[in-house]
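What's in start.cif: mmCIF, C-alpha atoms
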data_my_file
loop_
_atom_site.group_PDB
_atom_site.id
_atom_site.type_symbol
_atom_site.label_atom_id
_atom_site.label_comp_id
_atom_site.auth_asym_id
_atom_site.auth_seq_id
_atom_site.Cartn_x
_atom_site.Cartn_y
_atom_site.Cartn_z
ATOM 1 C CA MET A 1 25.115 -1.345 -10.230
ATOM 2 C CA SER A 2 26.598 -0.728 -13.679
ATOM 3 C CA ASN A 3 26.817 2.795 -15.060
ATOM 4 C CA ARG A 4 24.229 1.873 -17.688
ATOM 5 C CA LYS A 5 21.763 0.679 -15.048
ATOM 6 C CA LYS A 6 22.413 3.823 -12.974
ATOM 7 C CA ARG A 7 21.629 5.993 -15.989
ATOM 8 C CA THR A 8 18.460 3.976 -16.652
ATOM 9 C CA VAL A 9 17.244 4.358 -13.044
ATOM 10 C CA THR A 10 18.133 8.062 -13.006
ATOM 11 C CA THR A 11 16.168 8.607 -16.224
ATOM 12 C CA GLN A 12 13.232 6.664 -14.803
ATOM 13 C CA ILE A 13 13.208 8.748 -11.618
ATOM 14 C CA LYS A 14 13.327 11.997 -13.591
ATOM 15 C CA GLU A 15 10.377 10.798 -15.656
ATOM 16 C CA ILE A 16 8.391 9.920 -12.522
ATOM 17 C CA LEU A 17 9.116 13.319 -10.972
ATOM 18 C CA SER A 18 7.990 15.079 -14.148
ATOM 19 C CA CYS A 19 4.557 13.374 -14.086
ATOM 20 C CA THR A 20 2.551 15.439 -11.631
ATOM 21 C CA SER A 21 -0.738 16.402 -13.308
ATOM 22 C CA HIS A 22 -2.599 13.511 -11.631
ATOM 23 C CA ARG A 23 -1.590 14.544 -8.104
ATOM 24 C CA PRO A 24 -4.201 16.186 -5.847
ATOM 25 C CA TRP A 25 -1.600 18.586 -4.366
ATOM 26 C CA GLN A 26 1.874 19.872 -5.199
ATOM 27 C CA MET A 27 5.017 17.826 -4.869
ATOM 28 C CA PRO A 28 7.024 18.156 -1.625
ATOM 29 C CA GLN A 29 9.719 20.838 -1.788
ATOM 30 C CA LYS A 30 12.361 18.642 -0.174
ATOM 31 C CA SER A 31 14.172 15.802 -1.941
ATOM 32 C CA TRP A 32 12.804 12.270 -1.802
ATOM 33 C CA VAL A 33 14.664 9.842 0.464
ATOM 34 C CA TYR A 34 13.484 6.306 -0.439
ATOM 35 C CA TYR A 35 13.077 4.412 -3.701
ATOM 36 C CA GLN A 36 10.884 1.310 -3.932
ATOM 37 C CA GLU A 37 9.031 -0.839 -6.450
ATOM 38 C CA TRP A 38 5.604 -2.305 -5.732
ATOM 39 C CA ASN A 39 5.053 -5.235 -8.080
ATOM 40 C CA ARG A 40 2.243 -7.646 -8.995
ATOM 41 C CA LEU A 41 -0.389 -6.101 -6.741
ATOM 42 C CA ILE A 42 -3.872 -7.419 -6.036
ATOM 43 C CA PHE A 43 -6.482 -4.973 -4.723
ATOM 44 C CA LEU A 44 -9.514 -6.279 -2.833
ATOM 45 C CA HIS A 45 -11.890 -3.683 -1.406
ATOM 46 C CA PHE A 46 -14.540 -3.938 1.311
ATOM 47 C CA GLU A 47 -17.324 -1.582 2.281
ATOM 48 C CA VAL A 48 -17.378 -1.377 6.085
ATOM 49 C CA SER A 49 -19.346 0.223 8.900
ATOM 50 C CA PHE A 50 -18.250 3.701 9.971
ATOM 51 C CA GLU A 51 -18.963 2.847 13.622
ATOM 52 C CA GLU A 52 -16.801 -0.281 13.589
ATOM 53 C CA LEU A 53 -13.988 1.317 11.589
ATOM 54 C CA ARG A 54 -13.917 4.386 13.862
ATOM 55 C CA LYS A 55 -12.943 2.142 16.793
ATOM 56 C CA HIS A 56 -9.607 1.304 15.159
ATOM 57 C CA ILE A 57 -8.462 4.733 13.993
ATOM 58 C CA PRO A 58 -6.898 7.332 16.342
ATOM 59 C CA GLN A 59 -9.376 10.080 17.128
ATOM 60 C CA GLN A 60 -7.013 12.716 15.695
ATOM 61 C CA ILE A 61 -7.546 11.199 12.246
ATOM 62 C CA GLU A 62 -10.690 11.811 10.214
ATOM 63 C CA LEU A 63 -12.143 8.876 8.282
ATOM 64 C CA ASP A 64 -12.455 9.576 4.577
ATOM 65 C CA ASN A 65 -15.494 8.396 2.632
ATOM 66 C CA PHE A 66 -16.713 8.069 -0.928
ATOM 67 C CA GLU A 67 -20.316 9.154 -1.345
ATOM 68 C CA GLY A 68 -20.941 8.404 2.322
ATOM 69 C CA LYS A 69 -19.394 4.913 2.236
ATOM 70 C CA TYR A 70 -16.260 3.740 4.068
ATOM 71 C CA TYR A 71 -13.743 1.207 2.796
ATOM 72 C CA ILE A 72 -10.923 -1.096 3.816
ATOM 73 C CA SER A 73 -8.613 -2.645 1.228
ATOM 74 C CA LEU A 74 -6.524 -5.796 1.393
ATOM 75 C CA VAL A 75 -3.428 -5.520 -0.826
ATOM 76 C CA PRO A 76 -0.951 -8.373 -1.327
ATOM 77 C CA PHE A 77 2.074 -7.540 -3.493
ATOM 78 C CA THR A 78 5.823 -7.933 -3.885
ATOM 79 C CA MET A 79 8.094 -5.185 -2.568
ATOM 80 C CA GLU A 80 11.353 -4.945 -4.501
ATOM 81 C CA LYS A 81 14.499 -2.814 -4.574
ATOM 82 C CA ILE A 82 13.537 -0.638 -1.613
ATOM 83 C CA ARG A 83 16.559 1.491 -0.677
ATOM 84 C CA PRO A 84 17.604 4.869 0.698
ATOM 85 C CA ARG A 85 18.485 7.501 -1.876
ATOM 86 C CA GLY A 86 22.076 7.229 -3.035
ATOM 87 C CA LEU A 87 22.548 3.665 -1.796
ATOM 88 C CA PRO A 88 22.097 0.333 -3.595
ATOM 89 C CA HIS A 89 19.310 -2.046 -2.708
ATOM 90 C CA ILE A 90 20.257 -5.211 -0.779
ATOM 91 C CA GLY A 91 18.353 -8.200 -2.078
ATOM 92 C CA PHE A 92 17.778 -10.133 1.140
ATOM 93 C CA ILE A 93 16.397 -6.994 2.842
ATOM 94 C CA SER A 94 15.031 -4.972 -0.081
ATOM 95 C CA ASN A 95 12.910 -7.680 -1.727
ATOM 96 C CA PHE A 96 10.035 -9.356 0.103
ATOM 97 C CA GLU A 97 6.375 -10.254 -0.094
ATOM 98 C CA GLU A 98 4.020 -7.850 1.652
ATOM 99 C CA LEU A 99 0.333 -7.852 2.480
ATOM 100 C CA ASN A 100 -1.309 -4.828 4.016
ATOM 101 C CA VAL A 101 -4.772 -3.960 5.225
ATOM 102 C CA ARG A 102 -5.411 -0.266 4.814
ATOM 103 C CA THR A 103 -8.199 2.238 5.142
ATOM 104 C CA TYR A 104 -8.790 5.755 3.880
ATOM 105 C CA VAL A 105 -8.405 8.869 5.998
ATOM 106 C CA LYS A 106 -7.908 12.626 5.911
ATOM 107 C CA VAL A 107 -5.816 14.943 8.059
ATOM 108 C CA ASN A 108 -6.064 18.701 7.565
ATOM 109 C CA GLU A 109 -8.099 17.961 4.422
ATOM 110 C CA LYS A 110 -5.247 15.938 2.895
ATOM 111 C CA PRO A 111 -6.430 12.401 1.955
ATOM 112 C CA GLY A 112 -4.173 9.419 2.538
ATOM 113 C CA VAL A 113 -4.103 5.870 3.827
ATOM 114 C CA TYR A 114 -3.771 4.393 7.297
ATOM 115 C CA PHE A 115 -2.543 0.839 7.803
ATOM 116 C CA LEU A 116 -4.523 -1.435 10.084
ATOM 117 C CA ASN A 117 -2.176 -4.384 9.545
ATOM 118 C CA ILE A 118 1.063 -4.963 7.600
ATOM 119 C CA GLU A 119 2.832 -8.277 7.050
ATOM 120 C CA ALA A 120 6.164 -9.078 5.416
ATOM 121 C CA GLY A 121 7.473 -12.454 4.351
ATOM 122 C CA ASN A 122 10.988 -11.798 5.622
ATOM 123 C CA SER A 123 11.816 -11.405 9.342
ATOM 124 C CA LEU A 124 14.755 -9.065 8.772
ATOM 125 C CA SER A 125 12.800 -6.939 6.300
ATOM 126 C CA ALA A 126 9.898 -6.691 8.754
ATOM 127 C CA PHE A 127 12.249 -5.587 11.529
ATOM 128 C CA VAL A 128 14.094 -3.018 9.400
ATOM 129 C CA SER A 129 10.860 -1.629 7.923
ATOM 130 C CA ARG A 130 9.215 -1.398 11.344
ATOM 131 C CA THR A 131 12.273 0.289 12.869
ATOM 132 C CA LEU A 132 12.808 2.824 10.096
ATOM 133 C CA SER A 133 9.203 3.701 9.290
ATOM 134 C CA GLY A 134 7.297 3.155 12.521
ATOM 135 C CA LEU A 135 4.721 1.155 10.573
ATOM 136 C CA PRO A 136 3.441 -1.984 12.351
ATOM 137 C CA TYR A 137 5.222 -4.575 10.199
ATOM 138 C CA GLU A 138 5.150 -8.155 11.427
ATOM 139 C CA LYS A 139 6.465 -11.428 10.035
ATOM 140 C CA SER A 140 4.184 -13.842 8.209
ATOM 141 C CA THR A 141 4.895 -16.952 6.191
ATOM 142 C CA MET A 142 4.533 -15.914 2.561
ATOM 143 C CA LYS A 143 5.092 -17.632 -0.748
ATOM 144 C CA ARG A 144 4.548 -16.451 -4.285
ATOM 145 C CA GLU A 145 4.576 -18.323 -7.570
ATOM 146 C CA ALA A 146 3.296 -17.447 -11.023
ATOM 147 C CA LYS A 147 -0.256 -16.172 -10.486
ATOM 148 C CA LYS A 148 -0.370 -17.647 -6.978
ATOM 149 C CA TYR A 149 -0.073 -15.945 -3.591
ATOM 150 C CA TYR A 150 -0.020 -17.511 -0.128
ATOM 151 C CA SER A 151 0.287 -15.884 3.297
ATOM 152 C CA TYR A 152 -0.207 -17.158 6.832
ATOM 153 C CA ASN A 153 0.111 -15.114 10.006
ATOM 154 C CA LYS A 154 0.332 -17.700 12.776
ATOM 155 C CA LYS A 155 0.115 -15.149 15.603
ATOM 156 C CA LYS A 156 -3.210 -13.706 14.434
ATOM 157 C CA ALA A 157 -4.476 -16.698 12.427
ATOM 158 C CA PHE A 158 -4.782 -14.495 9.329
ATOM 159 C CA PHE A 159 -4.381 -16.248 5.989
ATOM 160 C CA PHE A 160 -4.639 -15.517 2.274
ATOM 161 C CA LYS A 161 -4.611 -18.036 -0.591
ATOM 162 C CA ALA A 162 -5.185 -17.063 -4.198
ATOM 163 C CA THR A 163 -4.750 -18.441 -7.695
ATOM 164 C CA TYR A 164 -5.718 -15.916 -10.321
ATOM 165 C CA GLN A 165 -5.808 -14.887 -13.974
ATOM 166 C CA ILE A 166 -4.932 -11.357 -15.095
ATOM 167 C CA GLY A 167 -7.386 -9.687 -17.442
ATOM 168 C CA GLU A 168 -7.579 -6.569 -19.577
ATOM 169 C CA THR A 169 -6.273 -3.112 -18.784
ATOM 170 C CA VAL A 170 -8.861 -0.789 -17.290
ATOM 171 C CA THR A 171 -9.014 1.983 -19.873
ATOM 172 C CA GLN A 172 -11.184 4.315 -17.791
ATOM 173 C CA LYS A 173 -11.084 4.068 -14.017
ATOM 174 C CA THR A 174 -14.313 4.765 -12.196
ATOM 175 C CA PRO A 175 -14.296 7.649 -9.707
ATOM 176 C CA LEU A 176 -14.282 5.082 -6.886
ATOM 177 C CA GLN A 177 -11.325 3.164 -8.359
ATOM 178 C CA ALA A 178 -9.368 6.411 -8.585
ATOM 179 C CA TRP A 179 -10.385 7.412 -5.044
ATOM 180 C CA LEU A 180 -9.149 4.081 -3.675
ATOM 181 C CA THR A 181 -5.814 4.002 -5.486
ATOM 182 C CA GLU A 182 -4.592 7.532 -6.176
ATOM 183 C CA ARG A 183 -3.364 8.296 -2.658
ATOM 184 C CA TYR A 184 -0.150 10.239 -2.183
ATOM 185 C CA CYS A 185 0.520 10.094 1.525
ATOM 186 C CA LEU A 186 0.173 7.742 4.468
ATOM 187 C CA TYR A 187 -0.282 8.403 8.154
ATOM 188 C CA VAL A 188 1.332 6.742 11.160
ATOM 189 C CA TYR A 189 0.316 7.202 14.789
ATOM 190 C CA ALA A 190 3.144 6.329 17.183
ATOM 191 C CA ASN A 191 4.016 7.338 20.746
ATOM 192 C CA LYS A 192 0.979 9.640 20.891
ATOM 193 C CA ASN A 193 2.196 11.556 17.839
ATOM 194 C CA LEU A 194 0.836 11.662 14.313
ATOM 195 C CA TYR A 195 3.202 11.525 11.330
ATOM 196 C CA GLN A 196 2.794 11.791 7.594
ATOM 197 C CA TYR A 197 4.827 10.235 4.780
ATOM 198 C CA GLU A 198 4.488 11.857 1.384
ATOM 199 C CA ILE A 199 4.865 9.573 -1.642
ATOM 200 C CA HIS A 200 4.852 10.013 -5.397
ATOM 201 C CA HIS A 201 4.417 7.752 -8.396
ATOM 202 C CA LYS A 202 2.812 7.796 -11.809
ATOM 203 C CA GLU A 203 -0.912 7.229 -12.086
ATOM 204 C CA TRP A 204 -1.914 3.628 -11.395
ATOM 205 C CA GLU A 205 -2.502 1.334 -14.368
ATOM 206 C CA LEU A 206 -5.114 -1.197 -13.284
ATOM 207 C CA LYS A 207 -6.198 -4.478 -14.827
ATOM 208 C CA THR A 208 -9.094 -6.778 -14.178
ATOM 209 C CA VAL A 209 -8.423 -10.024 -12.323
ATOM 210 C CA LYS A 210 -10.360 -13.276 -11.969
ATOM 211 C CA PHE A 211 -9.733 -15.900 -9.302
ATOM 212 C CA ASP A 212 -9.536 -19.633 -9.924
ATOM 213 C CA HIS A 213 -9.254 -20.081 -6.166
ATOM 214 C CA LEU A 214 -9.553 -17.489 -3.429
ATOM 215 C CA LYS A 215 -9.829 -17.952 0.312
ATOM 216 C CA PHE A 216 -8.766 -15.605 3.108
ATOM 217 C CA ASP A 217 -9.683 -14.441 6.574
ATOM 218 C CA TYR A 218 -8.626 -11.174 8.178
ATOM 219 C CA HIS A 219 -10.401 -9.518 11.063
ATOM 220 C CA ILE A 220 -9.995 -6.063 12.549
ATOM 221 C CA GLY A 221 -12.069 -6.159 15.711
ATOM 222 C CA ASN A 222 -15.604 -6.952 14.572
ATOM 223 C CA ILE A 223 -14.750 -6.214 10.935
ATOM 224 C CA ARG A 224 -14.145 -9.478 9.108
ATOM 225 C CA LEU A 225 -12.655 -9.602 5.628
ATOM 226 C CA THR A 226 -13.299 -12.820 3.706
ATOM 227 C CA GLU A 227 -13.724 -13.989 0.139
ATOM 228 C CA ASN A 228 -17.487 -13.617 0.600
ATOM 229 C CA ASN A 229 -17.644 -9.857 1.036
ATOM 230 C CA PHE A 230 -15.096 -8.088 -1.197
ATOM 231 C CA CYS A 231 -15.971 -5.975 -4.206
ATOM 232 C CA PHE A 232 -14.455 -4.963 -7.598
ATOM 233 C CA PRO A 233 -10.957 -6.544 -7.450
ATOM 234 C CA ASN A 234 -8.119 -5.160 -9.543
ATOM 235 C CA TYR A 235 -4.533 -6.038 -10.391
ATOM 236 C CA SER A 236 -1.517 -3.896 -11.263
ATOM 237 C CA ASP A 237 1.757 -5.118 -12.735
ATOM 238 C CA ARG A 238 4.036 -2.606 -11.058
ATOM 239 C CA ILE A 239 4.605 0.925 -9.926
ATOM 240 C CA THR A 240 7.805 2.733 -8.914
ATOM 241 C CA VAL A 241 7.429 4.846 -5.790
ATOM 242 C CA LEU A 242 9.467 7.668 -4.290
ATOM 243 C CA SER A 243 8.876 8.587 -0.657
ATOM 244 C CA TRP A 244 9.904 11.384 1.678
ATOM 245 C CA SER A 245 10.925 11.502 5.342
ATOM 246 C CA LYS A 246 8.125 11.437 7.884
ATOM 247 C CA GLN A 247 6.796 14.757 9.130
ATOM 248 C CA LYS A 248 5.106 15.331 12.473
ATOM 249 C CA ILE A 249 1.594 16.623 11.935
ATOM 250 C CA ILE A 250 -0.196 19.263 13.981
ATOM 251 C CA ILE A 251 -3.966 18.988 13.720
ATOM 252 C CA LEU A 252 -5.444 22.328 12.669
#
So that I can check it, write out the structure of this file as structure tokens.
Amino acid sequence: MSNRKKRTVTTQIKEILSCTSHRPWQMPQKSWVYYQEWNRLIFLHFEVSFEELRKHIPQQIELDNFEGKYYISLVPFTMEKIRPRGLPHIGFISNFEELNVRTYVKVNEKPGVYFLNIEAGNSLSAFVSRTLSGLPYEKSTMKREAKKYYSYNKKKAFFFKATYQIGETVTQKTPLQAWLTERYCLYVYANKNLYQYEIHHKEWELKTVKFDHLKFDYHIGNIRLTENNFCFPNYSDRITVLSWSKQKIIIL
């Protein structure tokens, strides 16, 4: 990386760290450890049954709700430039397509997300991400072109196909849109232990999105996510994310 690019990234990180008024709690005291860019994201949301969702979340974790309703989101995007602090990103590991299925939870009154399924379009990236984070990354066949996204998980028979048009910027997010997107930690349950990853980024800038073609099928137990039952889709061009090391959580 050239000195000019280093200065640009350093300035960008300082700017991100200075934007904190939108956060629901204070920044972590320790230094961040990972840099990553989430680009060209599509958000599809689904209202789901509490009873069915509860079956797939560890009992130590409380399900979060918005006005008594529970949600799962399907989020395809492009991960780029993910790297440890102080080290350069490595293109063939750091850049890959990702699609995750997430839901909304709380632990000790701190809201976050919990991943029900995560796919990466690169075998090595899936392995490295799974090993380092403990998140359940698995390899899928993924392809992205201009305003097109394709994913196929042969093992689970999950697939996603979309051709879309990006619309106008959302000038005023609804309370539900903010609740679904402004999440600053994620939870991982592994080896009978619960862990938390803190993250930070600027407030999401959302856009509307319309689909010329959309077909997908994901199922989590009896919960089935298809193009027939999603609500209020959104798109975001990009967001730069800083994350911290995982912390073991003791339930209070």
Test item: residues at most 10 Å from Asn191 of chain A, all atoms listed in the file, excluding those fewer than 3 positions along its chain, as a PyMOL selection string: chain A and resi 134+188+194
Hey, can you spit out that residue selection with C-alpha atoms as a PDB file, in the coordinates of the input?
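Final file, again_31.pdb:
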ATOM      1  CA  GLY A 134       7.297   3.155  12.521  1.00  0.00           C
ATOM      2  CA  VAL A 188       1.332   6.742  11.160  1.00  0.00           C
ATOM      3  CA  LEU A 194       0.836  11.662  14.313  1.00  0.00           C
TER       4      LEU A 194
END
Leaving out segment 19-36 of chain A and any residue of its chain fewer than 2 positions from it, which residues lie within 7 Å of it when counting only C-alpha atoms, given as an MDAnalysis selection string? chainID A and resid 15:17 38 80:85 202:203 240:245
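Atom CA of Leu176 of chain A sits 20.9 Å away from atom CA of Phe77 of chain A.
Compared by their closest atoms to Glu52 of chain A, and using all atoms listed in the file, the residues A:Asn222, A:Gln172, A:Ser123, A:Ser18 rank with A:Asn222 nearest.
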Using only C-alpha atoms, determine which residues lie at most 8 Å from Arg183 of chain A, disregarding the query and same-chain residues fewer than 6 positions distant; provide the list as an mmCIF file with C-alpha atoms, in the coordinates of the input.
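Result file result06.cif:
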data_model
loop_
_atom_site.group_PDB
_atom_site.id
_atom_site.type_symbol
_atom_site.label_atom_id
_atom_site.label_comp_id
_atom_site.auth_asym_id
_atom_site.auth_seq_id
_atom_site.Cartn_x
_atom_site.Cartn_y
_atom_site.Cartn_z
ATOM 1 C CA PRO A 111 -6.430 12.401 1.955
ATOM 2 C CA GLY A 112 -4.173 9.419 2.538
ATOM 3 C CA VAL A 113 -4.103 5.870 3.827
#
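Counting all atoms listed in the file and comparing A:Glu109, A:Leu99, A:Leu87, A:Thr163, the residue that lies closest to Lys139 of chain A is A:Leu99.
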Best match for closeness to Tyr164 of chain A among A:Met79, A:Leu214, A:Ile118, A:Val101, counting all atoms listed in the file: A:Leu214
Separation of atom CA of Leu74 of chain A from atom CA of Gln60 of chain A, in Å and rounded to one decimal: 23.4 Å
